[in-house]
Amino acid sequence: MKVTNQVYPTFEQLMPLAQDPTPGPIAMVNLLKFRDKAEYKDGRRDEVSGREAYLRYIAEMGPIVEAAGGRFLFSGDVKGLVIGAVEELWDAVGIAEYPSRAEFHRIATSPAVQAIGVHREAGLAGQLLILTIGQVLPPMR
């Protein structure tokens with residue numbers, strides 16, 4: 001299995017979401033790899049870690065997602081691998097729920113998200129973004 005971290009999806013990866021009329025929520029699983037030190041393309045001399053830069057992005061992204069009917073479900077640091085093998089682990093996992101594929105596409109391509117993307121780009125070395133469809137399971141007894 002080949003794994004390629006990217007910061008943004010390609011046009012070919014993103015367009016099917018815009019055209020998919022399937023109703024219902026989706027959850028996006030984010031496997032995140034941070035830069036050791038943030039690298040801002042605009043040349044700013046902001047001495048923060050990649051994680052700190054990404055957290056700036058998340059702080060601004062939360063209200064955008066919530067206003068569209070979505071929500072952040074989970075965030076946690078990766079502490080080890082229990083099954084399988086990869087050359088290098090990701091640093092963190094985040095899961096966000098969106099009302100639909102089309103709404104995710106609308107949010108991801110919105111001017112508001114493009115404006116705050118500077119922090120995402122500065123902080124991330126790369127990520128995997130996994131689209132999931134399902135349901136929240138009831139608590140186990």
# chains A, B, ... in the order shown; residues from 1 in each chain; ligands from 1

$ residues_around --residues "Ala96 of chain A" --least-positions-apart "4" --cutoff "8 Å" --atoms "only C-alpha atoms" --output "PyMOL selection string"
chain A and resi 27-29+70-74

$ write_last_selection --atoms "N, CA, C and O atoms" --output "JSON list (two decimals), in the first residue's frame"
[["chain", "number", "residue", "atom", "x", "y", "z"],
["A", 27, "ALA", "N", -18.79, 11.79, 7.68],
["A", 27, "ALA", "CA", -17.73, 12.12, 8.64],
["A", 27, "ALA", "C", -16.41, 12.04, 7.90],
["A", 27, "ALA", "O", -16.16, 11.10, 7.13],
["A", 28, "MET", "N", -15.59, 13.04, 8.09],
["A", 28, "MET", "CA", -14.27, 13.08, 7.49],
["A", 28, "MET", "C", -13.23, 12.78, 8.56],
["A", 28, "MET", "O", -13.17, 13.45, 9.59],
["A", 29, "VAL", "N", -12.45, 11.75, 8.31],
["A", 29, "VAL", "CA", -11.38, 11.35, 9.22],
["A", 29, "VAL", "C", -10.09, 11.99, 8.70],
["A", 29, "VAL", "O", -9.67, 11.73, 7.57],
["A", 70, "GLY", "N", -22.51, 21.41, 10.66],
["A", 70, "GLY", "CA", -21.54, 20.35, 10.96],
["A", 70, "GLY", "C", -21.00, 20.49, 12.37],
["A", 70, "GLY", "O", -21.40, 21.38, 13.12],
["A", 71, "ARG", "N", -20.07, 19.60, 12.71],
["A", 71, "ARG", "CA", -19.46, 19.67, 14.03],
["A", 71, "ARG", "C", -18.19, 18.85, 14.07],
["A", 71, "ARG", "O", -18.02, 17.91, 13.29],
["A", 72, "PHE", "N", -17.30, 19.24, 14.96],
["A", 72, "PHE", "CA", -16.10, 18.46, 15.20],
["A", 72, "PHE", "C", -16.46, 17.38, 16.22],
["A", 72, "PHE", "O", -17.02, 17.68, 17.28],
["A", 73, "LEU", "N", -16.16, 16.14, 15.89],
["A", 73, "LEU", "CA", -16.54, 15.02, 16.75],
["A", 73, "LEU", "C", -15.41, 14.54, 17.65],
["A", 73, "LEU", "O", -15.65, 14.09, 18.77],
["A", 74, "PHE", "N", -14.17, 14.61, 17.16],
["A", 74, "PHE", "CA", -13.07, 14.02, 17.92],
["A", 74, "PHE", "C", -11.75, 14.62, 17.46],
["A", 74, "PHE", "O", -11.57, 14.93, 16.29]]

$ closest_residue --among "A:Ala102, A:Leu14, A:Ile133, A:Ile95" --to "Ile58 of chain A" --atoms "only C-alpha atoms"
A:Ile95

$ closest_residue --among "A:Lys79, A:Arg141, A:Arg56, A:Arg35" --to "Val93 of chain A" --atoms "only C-alpha atoms"
A:Lys79

$ select_by_dssp --residues "segment 26-105 of chain A" --states "alpha helix (DSSP H)" --output "list in words"
Gly50, Arg51, Glu52, Ala53, Tyr54, Leu55, Arg56, Tyr57, Ile58, Ala59, Glu60, Met61, Gly62, Pro63, Ile64, Val65, Glu66, Ala67, Arg101, Ala102, Glu103, Phe104 and His105 of chain A

$ select_by_dssp --residues "segment 4-102 of chain A" --states "strand (DSSP E or B)" --output "ChimeraX atom specification"
/A:6,26-34,71-77,92-98

$ residues_around --residues "Gly76 of chain A" --least-positions-apart "3" --cutoff "9 Å" --atoms "only C-alpha atoms" --output "PyMOL selection string"
chain A and resi 91-94

$ write_last_selection --atoms "all heavy atoms" --output "compact mmCIF listing (two decimals), in the first residue's frame"
# COMPACT_ATOMS: atom_id res chain seq x y z
N ASP A 91 0.63 12.54 13.33
CA ASP A 91 0.74 13.16 14.64
C ASP A 91 -0.60 13.21 15.37
O ASP A 91 -0.65 13.13 16.60
CB ASP A 91 1.29 14.58 14.53
CG ASP A 91 2.71 14.59 13.97
OD1 ASP A 91 3.52 13.76 14.40
OD2 ASP A 91 2.99 15.44 13.10
N ALA A 92 -1.68 13.40 14.62
CA ALA A 92 -2.99 13.57 15.24
C ALA A 92 -4.09 13.05 14.31
O ALA A 92 -3.88 12.92 13.10
CB ALA A 92 -3.24 15.04 15.58
N VAL A 93 -5.24 12.80 14.91
CA VAL A 93 -6.44 12.38 14.19
C VAL A 93 -7.56 13.34 14.57
O VAL A 93 -7.71 13.68 15.75
CB VAL A 93 -6.86 10.94 14.56
CG1 VAL A 93 -8.16 10.55 13.91
CG2 VAL A 93 -5.76 9.95 14.20
N GLY A 94 -8.32 13.76 13.59
CA GLY A 94 -9.50 14.58 13.84
C GLY A 94 -10.66 14.04 13.03
O GLY A 94 -10.46 13.56 11.90

$ residues_around --residues "Val48 of chain A" --least-positions-apart "4" --cutoff "10 Å" --atoms "only C-alpha atoms" --output "list in words"
Asp36, Lys37, Ala38, Glu39, Glu52, Ala53, Ala122 and Gly123 of chain A

$ closest_residue --among "A:Leu32, A:Met61, A:Leu17, A:Leu55" --to "Arg101 of chain A" --atoms "only C-alpha atoms"
A:Leu17

$ atom_distance --atom1 "atom CA of Ser49 of chain A" --atom2 "atom CA of Glu87 of chain A"
22.5 Å

$ atom_distance --atom1 "atom CA of Leu124 of chain A" --atom2 "atom CA of Gly50 of chain A"
6.2 Å

$ atom_distance --atom1 "atom CA of Leu31 of chain A" --atom2 "atom CA of Asp77 of chain A"
9.9 Å

$ residues_around --residues "Gly24 of chain A" --least-positions-apart "3" --cutoff "10 Å" --atoms "only C-alpha atoms" --output "PDB file with N, CA and C atoms, in the first residue's frame"
ATOM      1  N   PRO A  21     -25.521  13.949  -5.097  1.00  0.00           N
ATOM      2  CA  PRO A  21     -26.745  14.407  -4.435  1.00  0.00           C
ATOM      3  C   PRO A  21     -27.171  13.527  -3.255  1.00  0.00           C
ATOM      4  N   TYR A  98     -20.194  16.504   8.633  1.00  0.00           N
ATOM      5  CA  TYR A  98     -20.802  17.506   7.751  1.00  0.00           C
ATOM      6  C   TYR A  98     -22.183  17.006   7.347  1.00  0.00           C
ATOM      7  N   PRO A  99     -23.126  17.914   7.087  1.00  0.00           N
ATOM      8  CA  PRO A  99     -24.494  17.499   6.760  1.00  0.00           C
ATOM      9  C   PRO A  99     -24.608  16.683   5.478  1.00  0.00           C
ATOM     10  N   SER A 100     -23.691  16.900   4.526  1.00  0.00           N
ATOM     11  CA  SER A 100     -23.733  16.168   3.252  1.00  0.00           C
ATOM     12  C   SER A 100     -22.407  16.336   2.532  1.00  0.00           C
ATOM     13  N   ARG A 101     -22.224  15.545   1.488  1.00  0.00           N
ATOM     14  CA  ARG A 101     -21.029  15.674   0.663  1.00  0.00           C
ATOM     15  C   ARG A 101     -20.983  17.055   0.003  1.00  0.00           C
ATOM     16  N   ILE A 133     -19.136   7.181   5.552  1.00  0.00           N
ATOM     17  CA  ILE A 133     -20.590   7.277   5.585  1.00  0.00           C
ATOM     18  C   ILE A 133     -21.063   6.191   6.541  1.00  0.00           C
ATOM     19  N   GLY A 134     -21.951   6.532   7.424  1.00  0.00           N
ATOM     20  CA  GLY A 134     -22.424   5.535   8.373  1.00  0.00           C
ATOM     21  C   GLY A 134     -23.374   6.140   9.350  1.00  0.00           C
ATOM     22  N   GLN A 135     -23.331   5.603  10.528  1.00  0.00           N
ATOM     23  CA  GLN A 135     -24.236   6.079  11.562  1.00  0.00           C
ATOM     24  C   GLN A 135     -23.524   6.019  12.906  1.00  0.00           C
TER      25      GLN A 135
END

$ residues_around --residues "Ala59 of chain A" --least-positions-apart "5" --cutoff "10 Å" --atoms "only C-alpha atoms" --output "PDB file with all heavy atoms, in the first residue's frame"
ATOM      1  N   TYR A  54      -1.694  25.052  12.844  1.00  0.00           N
ATOM      2  CA  TYR A  54      -2.898  24.313  12.473  1.00  0.00           C
ATOM      3  C   TYR A  54      -4.030  24.574  13.469  1.00  0.00           C
ATOM      4  O   TYR A  54      -5.190  24.682  13.079  1.00  0.00           O
ATOM      5  CB  TYR A  54      -2.602  22.812  12.374  1.00  0.00           C
ATOM      6  CG  TYR A  54      -3.766  22.034  11.818  1.00  0.00           C
ATOM      7  CD1 TYR A  54      -4.039  22.043  10.458  1.00  0.00           C
ATOM      8  CD2 TYR A  54      -4.610  21.311  12.654  1.00  0.00           C
ATOM      9  CE1 TYR A  54      -5.122  21.344   9.941  1.00  0.00           C
ATOM     10  CE2 TYR A  54      -5.684  20.620  12.150  1.00  0.00           C
ATOM     11  CZ  TYR A  54      -5.939  20.635  10.786  1.00  0.00           C
ATOM     12  OH  TYR A  54      -7.016  19.957  10.287  1.00  0.00           O
ATOM     13  N   ILE A  64     -17.209  28.069  11.235  1.00  0.00           N
ATOM     14  CA  ILE A  64     -17.657  27.910   9.850  1.00  0.00           C
ATOM     15  C   ILE A  64     -18.388  26.576   9.686  1.00  0.00           C
ATOM     16  O   ILE A  64     -19.466  26.502   9.087  1.00  0.00           O
ATOM     17  CB  ILE A  64     -16.463  28.005   8.873  1.00  0.00           C
ATOM     18  CG1 ILE A  64     -15.866  29.416   8.904  1.00  0.00           C
ATOM     19  CG2 ILE A  64     -16.883  27.614   7.457  1.00  0.00           C
ATOM     20  CD1 ILE A  64     -14.537  29.548   8.180  1.00  0.00           C
ATOM     21  N   ILE A 116      -8.516  31.440   5.581  1.00  0.00           N
ATOM     22  CA  ILE A 116      -7.813  30.945   6.771  1.00  0.00           C
ATOM     23  C   ILE A 116      -6.850  29.811   6.434  1.00  0.00           C
ATOM     24  O   ILE A 116      -6.107  29.341   7.297  1.00  0.00           O
ATOM     25  CB  ILE A 116      -8.802  30.496   7.871  1.00  0.00           C
ATOM     26  CG1 ILE A 116      -9.667  29.323   7.408  1.00  0.00           C
ATOM     27  CG2 ILE A 116      -9.641  31.676   8.339  1.00  0.00           C
ATOM     28  CD1 ILE A 116     -10.543  28.729   8.484  1.00  0.00           C
TER      29      ILE A 116
END

$ decode --residues "segment 87-117 of chain A" --atoms "N, CA and C atoms" --output "compact mmCIF listing (two decimals), in the first residue's frame"
# COMPACT_ATOMS: atom_id res chain seq x y z
N GLU A 87 5.60 3.52 7.47
CA GLU A 87 6.95 4.01 7.72
C GLU A 87 6.99 5.08 8.80
N GLU A 88 5.95 5.94 8.80
CA GLU A 88 5.91 7.03 9.77
C GLU A 88 4.46 7.27 10.18
N LEU A 89 4.22 7.40 11.48
CA LEU A 89 2.87 7.65 11.96
C LEU A 89 2.47 9.11 11.78
N TRP A 90 1.19 9.36 11.73
CA TRP A 90 0.67 10.72 11.74
C TRP A 90 0.77 11.24 13.17
N ASP A 91 0.63 12.54 13.33
CA ASP A 91 0.74 13.16 14.64
C ASP A 91 -0.60 13.21 15.37
N ALA A 92 -1.68 13.40 14.62
CA ALA A 92 -2.99 13.57 15.24
C ALA A 92 -4.09 13.05 14.31
N VAL A 93 -5.24 12.80 14.91
CA VAL A 93 -6.44 12.38 14.19
C VAL A 93 -7.56 13.34 14.57
N GLY A 94 -8.32 13.76 13.59
CA GLY A 94 -9.50 14.58 13.84
C GLY A 94 -10.66 14.04 13.03
N ILE A 95 -11.84 14.08 13.60
CA ILE A 95 -13.03 13.63 12.88
C ILE A 95 -14.05 14.76 12.92
N ALA A 96 -14.54 15.13 11.74
CA ALA A 96 -15.54 16.18 11.62
C ALA A 96 -16.74 15.64 10.85
N GLU A 97 -17.93 16.03 11.30
CA GLU A 97 -19.17 15.62 10.62
C GLU A 97 -19.71 16.80 9.84
N TYR A 98 -20.19 16.50 8.63
CA TYR A 98 -20.80 17.51 7.75
C TYR A 98 -22.18 17.01 7.35
N PRO A 99 -23.13 17.91 7.09
CA PRO A 99 -24.49 17.50 6.76
C PRO A 99 -24.61 16.68 5.48
N SER A 100 -23.69 16.90 4.53
CA SER A 100 -23.73 16.17 3.25
C SER A 100 -22.41 16.34 2.53
N ARG A 101 -22.22 15.54 1.49
CA ARG A 101 -21.03 15.67 0.66
C ARG A 101 -20.98 17.06 0.00
N ALA A 102 -22.12 17.47 -0.52
CA ALA A 102 -22.19 18.77 -1.21
C ALA A 102 -21.88 19.91 -0.25
N GLU A 103 -22.36 19.82 0.99
CA GLU A 103 -22.08 20.89 1.96
C GLU A 103 -20.60 20.91 2.34
N PHE A 104 -19.98 19.74 2.45
CA PHE A 104 -18.54 19.68 2.69
C PHE A 104 -17.81 20.40 1.55
N HIS A 105 -18.19 20.09 0.32
CA HIS A 105 -17.55 20.72 -0.83
C HIS A 105 -17.74 22.23 -0.79
N ARG A 106 -18.94 22.68 -0.48
CA ARG A 106 -19.22 24.11 -0.41
C ARG A 106 -18.33 24.79 0.64
N ILE A 107 -18.22 24.17 1.81
CA ILE A 107 -17.39 24.73 2.87
C ILE A 107 -15.92 24.74 2.44
N ALA A 108 -15.44 23.61 1.94
CA ALA A 108 -14.02 23.47 1.59
C ALA A 108 -13.57 24.45 0.51
N THR A 109 -14.49 24.84 -0.36
CA THR A 109 -14.14 25.75 -1.45
C THR A 109 -14.60 27.18 -1.21
N SER A 110 -15.10 27.46 -0.03
CA SER A 110 -15.63 28.80 0.27
C SER A 110 -14.50 29.82 0.44
N PRO A 111 -14.77 31.07 0.14
CA PRO A 111 -13.77 32.12 0.35
C PRO A 111 -13.33 32.23 1.82
N ALA A 112 -14.25 31.98 2.75
CA ALA A 112 -13.90 32.06 4.17
C ALA A 112 -12.83 31.02 4.53
N VAL A 113 -12.98 29.82 4.02
CA VAL A 113 -12.00 28.77 4.31
C VAL A 113 -10.70 29.02 3.54
N GLN A 114 -10.80 29.53 2.34
CA GLN A 114 -9.59 29.87 1.59
C GLN A 114 -8.78 30.93 2.34
N ALA A 115 -9.47 31.87 2.97
CA ALA A 115 -8.79 32.95 3.69
C ALA A 115 -8.01 32.46 4.90
N ILE A 116 -8.52 31.44 5.58
CA ILE A 116 -7.81 30.94 6.77
C ILE A 116 -6.85 29.81 6.43
N GLY A 117 -6.83 29.40 5.18
CA GLY A 117 -5.96 28.30 4.74
C GLY A 117 -4.48 28.57 4.96
